[in-house]
$ cat run-v8.cif   # mmCIF, C-alpha atoms and all ligand atoms
data_start
#
loop_
_atom_site.label_atom_id
_atom_site.label_comp_id
_atom_site.auth_asym_id
_atom_site.auth_seq_id
_atom_site.Cartn_x
_atom_site.Cartn_y
_atom_site.Cartn_z
CA MET A 1 -17.09 156.15 14.72
CA GLU A 2 -15.71 159.67 14.37
CA PRO A 3 -15.21 160.78 10.78
CA ASN A 4 -11.78 161.93 9.76
CA SER A 5 -12.35 165.65 9.46
CA GLY A 6 -8.83 166.44 8.21
CA ARG A 7 -7.71 166.77 4.64
CA LEU A 8 -6.18 163.92 2.71
CA PRO A 9 -2.72 163.08 4.04
CA GLY A 10 -1.32 163.37 0.54
CA LEU A 11 -2.85 166.80 0.13
CA GLU A 12 -1.47 168.06 3.43
CA ALA A 13 1.92 166.57 2.78
CA THR A 14 2.59 167.73 -0.70
CA GLY A 15 0.28 170.56 -1.67
CA PRO A 16 -1.57 170.94 -4.93
CA GLN A 17 0.59 168.58 -6.98
CA MET A 18 -0.16 165.79 -4.53
CA GLU A 19 2.77 163.71 -5.63
CA PRO A 20 3.87 161.15 -3.04
CA ARG A 21 7.10 161.85 -1.25
CA ALA A 22 9.42 159.86 0.95
CA THR A 23 8.84 160.17 4.68
CA SER A 24 12.19 158.72 5.76
CA SER A 25 15.62 159.34 4.23
CA ALA A 26 15.97 160.69 0.73
CA ALA A 27 17.63 157.43 -0.30
CA ALA A 28 14.74 155.22 0.87
CA PRO A 29 12.43 153.89 -1.86
CA LEU A 30 9.17 155.78 -2.20
CA ARG A 31 6.25 153.77 -1.00
CA ARG A 32 2.62 154.71 -0.63
CA GLN A 33 -0.79 153.16 -0.45
CA PHE A 34 -3.15 152.70 -3.37
CA ARG A 35 -5.75 155.46 -3.23
CA VAL A 36 -9.43 154.84 -3.88
CA LEU A 37 -11.85 157.73 -4.17
CA VAL A 38 -15.46 156.70 -3.56
CA GLY A 39 -18.17 158.92 -5.07
CA VAL A 40 -21.62 158.63 -3.53
CA THR A 41 -24.88 160.01 -4.96
CA GLY A 42 -28.46 160.40 -3.83
CA SER A 43 -29.73 156.88 -4.26
CA VAL A 44 -31.18 155.02 -1.33
CA ALA A 45 -28.27 152.60 -1.84
CA ALA A 46 -26.07 155.30 -0.29
CA LEU A 47 -27.27 153.71 2.95
CA LYS A 48 -24.55 151.16 2.27
CA LEU A 49 -21.71 153.69 2.18
CA PRO A 50 -20.41 152.87 5.70
CA LEU A 51 -20.36 149.14 4.93
CA LEU A 52 -18.72 149.72 1.55
CA VAL A 53 -15.98 151.91 3.04
CA SER A 54 -15.30 149.47 5.87
CA LYS A 55 -14.96 146.57 3.42
CA LEU A 56 -12.64 148.59 1.19
CA LEU A 57 -10.50 149.40 4.21
CA ASP A 58 -10.10 145.65 4.78
CA ILE A 59 -8.06 145.49 1.55
CA PRO A 60 -4.38 145.71 2.47
CA ASP A 61 -2.51 148.91 1.62
CA LEU A 62 -5.59 150.82 0.53
CA GLU A 63 -6.34 154.43 1.37
CA VAL A 64 -9.92 155.61 0.90
CA ALA A 65 -11.60 159.00 0.70
CA VAL A 66 -15.20 159.87 -0.17
CA VAL A 67 -16.79 162.58 -2.29
CA THR A 68 -20.48 163.01 -1.66
CA THR A 69 -23.30 164.86 -3.35
CA GLU A 70 -25.61 166.90 -1.16
CA ARG A 71 -28.53 164.51 -1.75
CA ALA A 72 -26.46 161.48 -0.80
CA LYS A 73 -25.87 162.99 2.65
CA HIS A 74 -29.49 162.22 3.44
CA PHE A 75 -28.80 158.49 3.53
CA TYR A 76 -25.84 158.03 5.88
CA SER A 77 -24.28 159.61 8.92
CA PRO A 78 -20.77 160.98 8.46
CA ARG A 79 -20.00 159.57 11.91
CA ASP A 80 -20.25 156.10 10.37
CA VAL A 81 -17.73 156.84 7.62
CA PRO A 82 -14.21 156.59 9.07
CA VAL A 83 -12.37 158.32 6.22
CA THR A 84 -12.10 161.84 4.90
CA LEU A 85 -15.38 162.93 3.41
CA TYR A 86 -15.58 165.81 0.95
CA SER A 87 -18.62 167.72 -0.23
CA ASP A 88 -19.36 170.81 -2.26
CA ALA A 89 -18.71 173.28 0.58
CA ASP A 90 -15.13 172.02 0.92
CA GLU A 91 -14.37 172.86 -2.70
CA TRP A 92 -15.38 176.48 -2.24
CA GLU A 93 -14.09 176.95 1.31
CA MET A 94 -10.65 175.71 0.30
CA TRP A 95 -10.16 178.23 -2.46
CA LYS A 96 -9.65 181.85 -1.41
CA ARG A 97 -6.68 182.95 -3.53
CA ARG A 98 -4.57 181.82 -6.48
CA SER A 99 -2.18 179.70 -4.42
CA ASP A 100 -4.99 177.65 -2.86
CA PRO A 101 -5.78 174.10 -3.99
CA VAL A 102 -8.60 173.45 -6.42
CA LEU A 103 -10.10 170.48 -4.69
CA HIS A 104 -11.62 168.62 -7.63
CA ILE A 105 -8.29 168.74 -9.46
CA ASP A 106 -6.32 167.69 -6.40
CA LEU A 107 -8.67 164.77 -5.83
CA ARG A 108 -8.37 163.52 -9.41
CA ARG A 109 -4.60 163.69 -9.02
CA TRP A 110 -4.69 162.03 -5.60
CA ALA A 111 -6.79 159.03 -6.57
CA ASP A 112 -5.50 155.92 -8.33
CA LEU A 113 -9.01 154.55 -8.82
CA MET A 114 -12.48 156.05 -8.60
CA LEU A 115 -15.56 154.08 -7.56
CA VAL A 116 -18.97 155.74 -7.89
CA ALA A 117 -21.33 153.72 -5.73
CA PRO A 118 -24.18 154.24 -5.96
CA LEU A 119 -24.48 156.15 -9.22
CA ASP A 120 -28.02 157.49 -9.35
CA ALA A 121 -29.98 158.38 -12.50
CA ASN A 122 -29.38 162.10 -12.08
CA THR A 123 -25.60 161.92 -11.81
CA LEU A 124 -25.49 159.23 -14.51
CA GLY A 125 -27.18 161.68 -16.87
CA LYS A 126 -24.82 164.48 -15.88
CA VAL A 127 -21.70 162.38 -16.34
CA ALA A 128 -22.90 161.04 -19.70
CA SER A 129 -23.43 164.57 -21.00
CA GLY A 130 -20.45 166.25 -19.36
CA ILE A 131 -22.31 168.36 -16.83
CA CYS A 132 -20.19 169.21 -13.80
CA ASP A 133 -22.08 171.34 -11.30
CA ASN A 134 -20.81 169.88 -8.03
CA LEU A 135 -17.61 168.50 -6.55
CA LEU A 136 -18.27 164.90 -7.55
CA THR A 137 -19.16 165.62 -11.16
CA CYS A 138 -16.17 168.00 -11.44
CA VAL A 139 -13.81 165.24 -10.29
CA ILE A 140 -15.35 162.87 -12.84
CA ARG A 141 -15.31 165.49 -15.62
CA ALA A 142 -11.60 166.04 -14.96
CA TRP A 143 -10.86 162.32 -14.50
CA ASP A 144 -7.62 160.96 -15.94
CA ARG A 145 -9.02 158.20 -18.14
CA SER A 146 -5.80 156.22 -17.94
CA LYS A 147 -6.91 155.40 -14.39
CA PRO A 148 -9.87 153.09 -13.71
CA LEU A 149 -13.30 154.50 -12.93
CA LEU A 150 -15.91 152.00 -11.77
CA PHE A 151 -19.59 152.84 -11.47
CA CYS A 152 -22.53 151.09 -9.82
CA PRO A 153 -25.89 152.25 -11.17
CA ALA A 154 -28.75 152.24 -8.68
CA MET A 155 -32.26 153.39 -9.39
CA ASN A 156 -35.91 152.42 -9.46
CA THR A 157 -36.82 149.77 -12.06
CA ALA A 158 -38.93 152.22 -14.08
CA MET A 159 -35.94 154.58 -14.29
CA TRP A 160 -33.62 151.71 -15.17
CA GLU A 161 -35.91 150.52 -17.97
CA HIS A 162 -36.22 153.96 -19.56
CA PRO A 163 -34.29 153.89 -22.86
CA ILE A 164 -32.14 156.88 -21.87
CA THR A 165 -30.48 154.72 -19.20
CA GLU A 166 -29.01 152.25 -21.67
CA GLN A 167 -27.72 155.11 -23.82
CA GLN A 168 -26.10 156.83 -20.85
CA VAL A 169 -24.57 153.68 -19.39
CA GLY A 170 -23.25 152.90 -22.89
CA GLN A 171 -21.74 156.39 -23.05
CA LEU A 172 -19.89 155.87 -19.78
CA LYS A 173 -18.56 152.53 -21.03
CA ASP A 174 -17.42 154.26 -24.22
CA PHE A 175 -15.43 156.64 -22.02
CA GLY A 176 -13.64 153.54 -20.74
CA TYR A 177 -15.42 153.39 -17.39
CA ILE A 178 -16.29 150.00 -15.91
CA GLU A 179 -19.89 149.15 -15.08
CA ILE A 180 -20.65 147.02 -12.05
CA PRO A 181 -24.17 146.07 -13.13
CA CYS A 182 -27.21 146.60 -10.97
CA VAL A 183 -29.19 143.59 -9.79
CA ALA A 184 -32.85 142.62 -9.57
CA LYS A 185 -34.51 142.54 -6.17
CA LYS A 186 -37.40 144.02 -4.23
CA LEU A 187 -36.46 147.68 -4.03
CA VAL A 188 -36.92 149.94 -1.02
CA CYS A 189 -39.82 151.66 -2.84
CA GLY A 190 -41.62 148.29 -3.04
CA ASP A 191 -41.10 147.66 -6.75
CA GLN A 192 -39.52 144.39 -7.84
CA GLY A 193 -36.98 144.30 -10.64
CA LEU A 194 -33.65 145.51 -11.93
CA GLY A 195 -32.11 148.68 -10.60
CA ALA A 196 -30.70 147.77 -7.19
CA MET A 197 -27.04 148.53 -6.65
CA ALA A 198 -24.77 145.49 -6.86
CA GLU A 199 -24.02 143.85 -3.53
CA VAL A 200 -21.16 145.37 -1.54
CA GLY A 201 -19.26 142.07 -1.80
CA THR A 202 -19.53 142.16 -5.58
CA ILE A 203 -18.33 145.77 -5.71
CA VAL A 204 -15.35 145.16 -3.43
CA GLY A 205 -14.49 142.00 -5.41
CA LYS A 206 -14.43 144.03 -8.63
CA VAL A 207 -12.24 146.70 -7.04
CA LYS A 208 -9.78 143.99 -5.98
CA GLU A 209 -9.82 142.49 -9.46
CA VAL A 210 -9.07 145.85 -11.09
CA LEU A 211 -6.37 146.68 -8.54
CA SER A 212 -4.69 143.33 -9.06
CA GLN A 213 -4.32 144.18 -12.75
CA ARG A 214 -3.01 147.61 -12.00
CA GLN A 215 0.26 148.04 -10.17
CA LEU A 216 1.47 151.43 -9.11
CA PRO A 217 4.68 152.37 -10.88
CA ALA A 218 7.44 150.20 -9.41
CA GLU A 219 9.49 153.20 -8.32
CA LEU A 220 6.58 154.33 -6.15
CA ASN A 221 5.68 151.03 -4.61
CA PRO A 222 7.90 148.03 -5.18
CA GLY A 223 5.91 144.80 -5.06
CA PHE A 224 2.70 146.60 -4.18
CA LEU A 225 -0.64 144.84 -4.45
CA SER A 226 0.40 141.65 -6.11
CA PRO A 227 -2.69 139.53 -6.82
CA ALA A 228 -1.57 137.21 -4.04
CA SER A 229 -1.85 139.99 -1.46
CA LEU A 230 -5.50 140.68 -2.30
C1 LIG B 301 -35.92 158.44 -0.56
C2 LIG B 301 -35.33 158.67 -1.92
C3 LIG B 301 -34.65 157.64 -2.57
C4 LIG B 301 -34.10 157.84 -3.84
N1 LIG B 301 -33.45 156.81 -4.43
C5 LIG B 301 -32.97 156.98 -5.68
C6 LIG B 301 -32.31 155.90 -6.34
O1 LIG B 301 -32.14 154.81 -5.79
N2 LIG B 301 -31.84 156.13 -7.57
C7 LIG B 301 -31.98 157.32 -8.22
O2 LIG B 301 -31.54 157.44 -9.36
N3 LIG B 301 -32.57 158.38 -7.61
C8 LIG B 301 -33.06 158.22 -6.36
N4 LIG B 301 -33.66 159.29 -5.72
C9 LIG B 301 -33.73 160.59 -6.41
C10 LIG B 301 -32.40 161.36 -6.27
O3 LIG B 301 -32.10 161.55 -4.89
C11 LIG B 301 -32.52 162.71 -6.97
O4 LIG B 301 -32.57 162.50 -8.38
C12 LIG B 301 -31.41 163.68 -6.61
O5 LIG B 301 -31.60 164.89 -7.29
C13 LIG B 301 -30.05 163.09 -6.95
O6 LIG B 301 -29.05 164.05 -6.72
P1 LIG B 301 -27.50 163.72 -6.90
O7 LIG B 301 -27.36 162.95 -8.18
O8 LIG B 301 -26.84 165.06 -6.96
O9 LIG B 301 -27.07 162.95 -5.71
C14 LIG B 301 -34.21 159.11 -4.46
C15 LIG B 301 -34.88 160.14 -3.81
C16 LIG B 301 -35.43 159.93 -2.56
C17 LIG B 301 -36.16 161.06 -1.89
#
$ encode --input "run-v8.cif" --output "structure tokens"
Amino acid sequence: MEPNSGRLPGLEATGPQMEPRATSSAAAPLRRQFRVLVGVTGSVAALKLPLLVSKLLDIPDLEVAVVTTERAKHFYSPRDVPVTLYSDADEWEMWKRRSDPVLHIDLRRWADLMLVAPLDANTLGKVASGICDNLLTCVIRAWDRSKPLLFCPAMNTAMWEHPITEQQVGQLKDFGYIEIPCVAKKLVCGDQGLGAMAEVGTIVGKVKEVLSQRQLPAELNPGFLSPASL
């Protein structure tokens, strides 16, 4: 499948503020889709990005975009990801002068929910300590904590069992972020134990659960995403 190489529709339509706007008459009620931003990091579980995105797109009225780290790119082909995919180069190529968008800020405004899947040990450590040296960690560092952020740790069992992991996961939960816990299985490296990313079905189920509790403001989307529609 060809990736969508364009910018986010909301970004093209409205510029840096990225507020939704009516596409028909001025009197028509504003209506837009719920926007999920998927962050993907350099865990082998990034192999599942195409499946994860396709399952998210099965949810009615959902718009999806992806922010990737450079290492994560090793594990999937952009051709298999049918939504807009952003990486570090986009952030810097987009900004030439003062009037240009700052991508990490536009993305945090654009998204209604962020899902980091997989969240590897490296980016976990960065997020826990506030480091923001790439597009993904800048979006997270600037995240509006009144919106949900879900994260799916994924790492080797030895990394998972290191005491720093519990501290860092606890820090993210203290920020108000929602953990989708890793599971035990035989890992790609051959080790057996905890550290594998949660199953895609589990992750998508959790996204639906969070969305069902979180309506967009009624003036933007009357009747949007009632639990019955999920
Ligand atoms: C084949 C391979 C698989 C890896 N899988 C994982 C993993 O599952 N979890 C993890 O925390 N790191 C894993 N790593 C290490 C990360 O890719 C590495 O820490 C990298 O710097 C992460 O960068 P990022 O957080 O910017 O994506 C793996 C590395 C390789 C080469």
$ residues_near_ligand --input "run-v8.cif" --ligand "ligand LIG 301 (chain B)" --cutoff "7 Å" --atoms "all atoms listed in the file" --output "ChimeraX atom specification"
/A:41-45,69-72,120-123,154-156
$ write_last_selection --input "run-v8.cif" --atoms "C-alpha atoms" --output "PDB file, keeping the file's coordinate frame"
ATOM      1  CA  THR A  41     -24.880 160.010  -4.960  1.00  0.00           C
ATOM      2  CA  GLY A  42     -28.460 160.400  -3.830  1.00  0.00           C
ATOM      3  CA  SER A  43     -29.730 156.880  -4.260  1.00  0.00           C
ATOM      4  CA  VAL A  44     -31.180 155.020  -1.330  1.00  0.00           C
ATOM      5  CA  ALA A  45     -28.270 152.600  -1.840  1.00  0.00           C
ATOM      6  CA  THR A  69     -23.300 164.860  -3.350  1.00  0.00           C
ATOM      7  CA  GLU A  70     -25.610 166.900  -1.160  1.00  0.00           C
ATOM      8  CA  ARG A  71     -28.530 164.510  -1.750  1.00  0.00           C
ATOM      9  CA  ALA A  72     -26.460 161.480  -0.800  1.00  0.00           C
ATOM     10  CA  ASP A 120     -28.020 157.490  -9.350  1.00  0.00           C
ATOM     11  CA  ALA A 121     -29.980 158.380 -12.500  1.00  0.00           C
ATOM     12  CA  ASN A 122     -29.380 162.100 -12.080  1.00  0.00           C
ATOM     13  CA  THR A 123     -25.600 161.920 -11.810  1.00  0.00           C
ATOM     14  CA  ALA A 154     -28.750 152.240  -8.680  1.00  0.00           C
ATOM     15  CA  MET A 155     -32.260 153.390  -9.390  1.00  0.00           C
ATOM     16  CA  ASN A 156     -35.910 152.420  -9.460  1.00  0.00           C
TER      17      ASN A 156
END
$ closest_residue --input "run-v8.cif" --among "A:Val204, A:Leu56, A:Val66, A:Val127" --to "Gly170 (chain A)" --atoms "only C-alpha atoms"
A:Val127
$ atom_distance --input "run-v8.cif" --atom1 "CA of Pro181 (chain A)" --atom2 "CA of Pro153 (chain A)"
6.7 Å
$ residues_around --input "run-v8.cif" --residues "Val40 (chain A)" --least-positions-apart "2" --cutoff "6 Å" --atoms "only C-alpha atoms" --output "count of residues only"
4
$ atom_distance --input "run-v8.cif" --atom1 "CA of Asp191 (chain A)" --atom2 "CA of Ile164 (chain A)"
19.8 Å
$ closest_residue --input "run-v8.cif" --among "A:Leu113, A:Leu124, A:Val83, A:Val139" --to "Leu37 (chain A)" --atoms "only C-alpha atoms"
A:Leu113
$ residues_around --input "run-v8.cif" --residues "Gly195 (chain A)" --least-positions-apart "2" --cutoff "7 Å" --atoms "only C-alpha atoms" --output "JSON list (two decimals) with C-alpha atoms, in the frame of the given file"
[["chain", "number", "residue", "atom", "x", "y", "z"],
["A", 154, "ALA", "CA", -28.75, 152.24, -8.68],
["A", 155, "MET", "CA", -32.26, 153.39, -9.39],
["A", 156, "ASN", "CA", -35.91, 152.42, -9.46],
["A", 157, "THR", "CA", -36.82, 149.77, -12.06],
["A", 160, "TRP", "CA", -33.62, 151.71, -15.17],
["A", 182, "CYS", "CA", -27.21, 146.60, -10.97],
["A", 183, "VAL", "CA", -29.19, 143.59, -9.79],
["A", 184, "ALA", "CA", -32.85, 142.62, -9.57],
["A", 193, "GLY", "CA", -36.98, 144.30, -10.64],
["A", 197, "MET", "CA", -27.04, 148.53, -6.65]]
$ residues_around --input "run-v8.cif" --residues "Gly205 (chain A)" --least-positions-apart "4" --cutoff "10 Å" --atoms "only C-alpha atoms" --output "list in words"
Lys55, Leu56, Glu199, Val200, Gly201, Glu209, Val210, Leu211 and Leu230 of chain A
$ residues_around --input "run-v8.cif" --residues "Asp112 (chain A)" --least-positions-apart "5" --cutoff "9 Å" --atoms "only C-alpha atoms" --output "ChimeraX atom specification"
/A:34-37,147-148,216
$ atom_distance --input "run-v8.cif" --atom1 "CA of Ile140 (chain A)" --atom2 "CA of Asp58 (chain A)"
25.2 Å
$ closest_residue --input "run-v8.cif" --among "A:Thr137, A:Leu47, A:Ala142, A:Gly176" --to "His74 (chain A)" --atoms "only C-alpha atoms"
A:Leu47
$ closest_residue --input "run-v8.cif" --among "A:Leu136, A:Cys189, A:Leu119, A:Leu85" --to "His104 (chain A)" --atoms "only C-alpha atoms"
A:Leu136
$ residues_around --input "run-v8.cif" --residues "Leu172 (chain A)" --least-positions-apart "3" --cutoff "12 Å" --atoms "all atoms listed in the file" --output "list of chain:residue names"
A:Val116, A:Leu119, A:Thr123, A:Leu124, A:Gly125, A:Lys126, A:Val127, A:Ala128, A:Ser129, A:Gly130, A:Ile140, A:Arg141, A:Arg145, A:Leu149, A:Leu150, A:Phe151, A:Cys152, A:Pro153, A:Thr165, A:Glu166, A:Gln167, A:Gln168, A:Val169, A:Phe175, A:Gly176, A:Tyr177, A:Ile178, A:Glu179, A:Ile180
$ write_last_selection --input "run-v8.cif" --atoms "C-alpha atoms" --output "PDB file, in the frame of the given file"
ATOM      1  CA  VAL A 116     -18.970 155.740  -7.890  1.00  0.00           C
ATOM      2  CA  LEU A 119     -24.480 156.150  -9.220  1.00  0.00           C
ATOM      3  CA  THR A 123     -25.600 161.920 -11.810  1.00  0.00           C
ATOM      4  CA  LEU A 124     -25.490 159.230 -14.510  1.00  0.00           C
ATOM      5  CA  GLY A 125     -27.180 161.680 -16.870  1.00  0.00           C
ATOM      6  CA  LYS A 126     -24.820 164.480 -15.880  1.00  0.00           C
ATOM      7  CA  VAL A 127     -21.700 162.380 -16.340  1.00  0.00           C
ATOM      8  CA  ALA A 128     -22.900 161.040 -19.700  1.00  0.00           C
ATOM      9  CA  SER A 129     -23.430 164.570 -21.000  1.00  0.00           C
ATOM     10  CA  GLY A 130     -20.450 166.250 -19.360  1.00  0.00           C
ATOM     11  CA  ILE A 140     -15.350 162.870 -12.840  1.00  0.00           C
ATOM     12  CA  ARG A 141     -15.310 165.490 -15.620  1.00  0.00           C
ATOM     13  CA  ARG A 145      -9.020 158.200 -18.140  1.00  0.00           C
ATOM     14  CA  LEU A 149     -13.300 154.500 -12.930  1.00  0.00           C
ATOM     15  CA  LEU A 150     -15.910 152.000 -11.770  1.00  0.00           C
ATOM     16  CA  PHE A 151     -19.590 152.840 -11.470  1.00  0.00           C
ATOM     17  CA  CYS A 152     -22.530 151.090  -9.820  1.00  0.00           C
ATOM     18  CA  PRO A 153     -25.890 152.250 -11.170  1.00  0.00           C
ATOM     19  CA  THR A 165     -30.480 154.720 -19.200  1.00  0.00           C
ATOM     20  CA  GLU A 166     -29.010 152.250 -21.670  1.00  0.00           C
ATOM     21  CA  GLN A 167     -27.720 155.110 -23.820  1.00  0.00           C
ATOM     22  CA  GLN A 168     -26.100 156.830 -20.850  1.00  0.00           C
ATOM     23  CA  VAL A 169     -24.570 153.680 -19.390  1.00  0.00           C
ATOM     24  CA  PHE A 175     -15.430 156.640 -22.020  1.00  0.00           C
ATOM     25  CA  GLY A 176     -13.640 153.540 -20.740  1.00  0.00           C
ATOM     26  CA  TYR A 177     -15.420 153.390 -17.390  1.00  0.00           C
ATOM     27  CA  ILE A 178     -16.290 150.000 -15.910  1.00  0.00           C
ATOM     28  CA  GLU A 179     -19.890 149.150 -15.080  1.00  0.00           C
ATOM     29  CA  ILE A 180     -20.650 147.020 -12.050  1.00  0.00           C
TER      30      ILE A 180
END
